[in-house]
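Peer 1: Sharing a structure here in structure tokens format.
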Amino acid sequence: MSSVLVSHPTVIVLLGPPGAGKGTHAGPLSEKLSLPHISTGDLFRSHIREQSKLGAIAKSYIDAGKLVPDALALDMLFDRISKSDCAQGCILDGFPRTVAQAEALDQRFKGEAQLVALNFDIPDQALVERITGRIACKECGRPYHLRFDPPKNPTRCDGCGGTLYQRADDTVEIVLKRLEVYHAQTKPLIDYYKQGALRLKNIDSNQRKDQVLNDLLEAVAPHFAKC
Ligand code: AMP
């Protein structure tokens, strides 16, 4: 499935609380749809690894479980989506996180992209265990869960043999703060996208991974020639 029905780029926005499965499904979706997966969290983390000025500022917010200021997130995201691999569109994971970011994204495309928002719906109770048990490969980014999807060797990636690590902000204390921030600042986006000509599709993400991926593909199918 790769040919886009219309000439406009297709921007798929993955909405939902931390731990809902946005990052896990963005990879397979990106492969199926031939659209790049852009995670603002990953972009910030790579700035932190490179010790850039932006990375130093972002780190202080991320470590506290807060959102990085809109202006910084927007500049970084717009710079990324101006690259040629986004000409047909992209899959946004973790952006927008505020209504101001969503409005800026709409402004940026001025109706010249079809935007589809997929809301990963999951009760809060399921999230803390999901997040605090997740680990990922430093090399290829493959995600695992210590209980639900453990690697064969607890320190090495099954796929590439890279080192597995836990994100510094995936501790219980920071997760609770991130959930609070989600409810206050990001959840209002559900209403924002509901108001815009049925652009929001709800996905039950408290199901088996393959079922969630199926539902996601079904939800985007009308926007692509083949699914
Ligand atoms: P994530 O990897 O999406 O869970 O993001 C990790 C952290 O990066 C968040 O808790 C925020 O501190 C920051 N972050 C990621 N995306 C954004 C965004 N669009 N706006 C502001 N902060 C963000």
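For the structure tokens, the naming scheme is as follows: chains receive sequential letters (A, B, ...) according to their order of presentation, residues are indexed from 1 within each chain, and ligands are indexed from 1 in presentation order.
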Can you check which parts of chain A lie within 10 Å of ligand 1? Per residue, the shortest pair of atoms and distance in Å to one decimal, counting only C-alpha atoms and all ligand atoms, sorted by chain and number, as a tab-separated table.
Peer 2:
residue	atom	partner	partner_atom_place_in_ligand_line	distance
A:Leu15	CA	ligand 1	3 (O)	10.0
A:Gly16	CA	ligand 1	3 (O)	9.8
A:Pro17	CA	ligand 1	4 (O)	8.5
A:Pro18	CA	ligand 1	4 (O)	5.5
A:Gly19	CA	ligand 1	4 (O)	7.7
A:Ala20	CA	ligand 1	4 (O)	9.9
A:Lys22	CA	ligand 1	3 (O)	8.5
A:Gly23	CA	ligand 1	2 (O)	7.9
A:Ser39	CA	ligand 1	3 (O)	6.4
A:Thr40	CA	ligand 1	16 (N)	4.4
A:Gly41	CA	ligand 1	2 (O)	3.4
A:Asp42	CA	ligand 1	2 (O)	5.8
A:Leu43	CA	ligand 1	15 (C)	8.1
A:Phe44	CA	ligand 1	8 (O)	6.3
A:Arg45	CA	ligand 1	8 (O)	7.6
A:Ala58	CA	ligand 1	12 (O)	7.0
A:Lys59	CA	ligand 1	12 (O)	7.7
A:Ser60	CA	ligand 1	12 (O)	8.5
A:Tyr61	CA	ligand 1	12 (O)	5.4
A:Ile62	CA	ligand 1	12 (O)	3.7
A:Asp63	CA	ligand 1	12 (O)	7.3
A:Ala64	CA	ligand 1	12 (O)	7.6
A:Gly65	CA	ligand 1	10 (O)	5.1
A:Lys66	CA	ligand 1	12 (O)	4.8
A:Leu67	CA	ligand 1	22 (N)	3.8
A:Val68	CA	ligand 1	22 (N)	3.8
A:Pro69	CA	ligand 1	21 (C)	5.8
A:Asp70	CA	ligand 1	20 (N)	5.8
A:Ala71	CA	ligand 1	20 (N)	8.7
A:Leu72	CA	ligand 1	21 (C)	7.8
A:Ala73	CA	ligand 1	20 (N)	5.0
A:Leu74	CA	ligand 1	19 (N)	7.4
A:Met76	CA	ligand 1	19 (N)	9.4
A:Leu77	CA	ligand 1	19 (N)	8.1
A:Leu92	CA	ligand 1	19 (N)	9.3
A:Asp93	CA	ligand 1	3 (O)	6.6
A:Gly94	CA	ligand 1	3 (O)	4.3
A:Phe95	CA	ligand 1	19 (N)	4.0
A:Pro96	CA	ligand 1	19 (N)	4.9
A:Arg97	CA	ligand 1	19 (N)	4.7
A:Thr98	CA	ligand 1	20 (N)	7.1
A:Gln101	CA	ligand 1	19 (N)	7.3
A:Ala102	CA	ligand 1	19 (N)	9.5
A:Ile131	CA	ligand 1	4 (O)	9.6
A:Arg167	CA	ligand 1	2 (O)	9.0
A:Ala168	CA	ligand 1	6 (C)	9.8
A:Asp169	CA	ligand 1	10 (O)	7.5
A:Asp170	CA	ligand 1	4 (O)	8.8
A:Ile174	CA	ligand 1	10 (O)	8.7
A:Val175	CA	ligand 1	10 (O)	8.6
A:Lys177	CA	ligand 1	10 (O)	9.0
A:Arg178	CA	ligand 1	10 (O)	6.0
A:Leu179	CA	ligand 1	10 (O)	9.2
A:Val181	CA	ligand 1	10 (O)	8.4
A:Tyr182	CA	ligand 1	10 (O)	8.9
A:Gln185	CA	ligand 1	21 (C)	9.9
A:Thr186	CA	ligand 1	20 (N)	9.3
Peer 1: I'd like the contact shell of Glu31 (chain A) - 12 Å cut-off, only C-alpha atoms, skipping same-chain residues fewer than 4 positions apart - returned as a ChimeraX atom specification.
Peer 2: /A:1-2,25-27,35-37,90-91,213,217
Peer 1: Can you tell me how far CA of Ser52 (chain A) sits from CA of Pro143 (chain A), in Å to one decimal?
Peer 2: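 Separation of CA of Ser52 (chain A) and CA of Pro143 (chain A): 25.4 Å.
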Peer 1: Write down as a PyMOL selection string the residues of region 1-132 of chain A whose backbone DSSP state falls under alpha helix (DSSP H).
Peer 2: chain A and resi 22-33+40-49+53-62+70-81+99-109+125-132
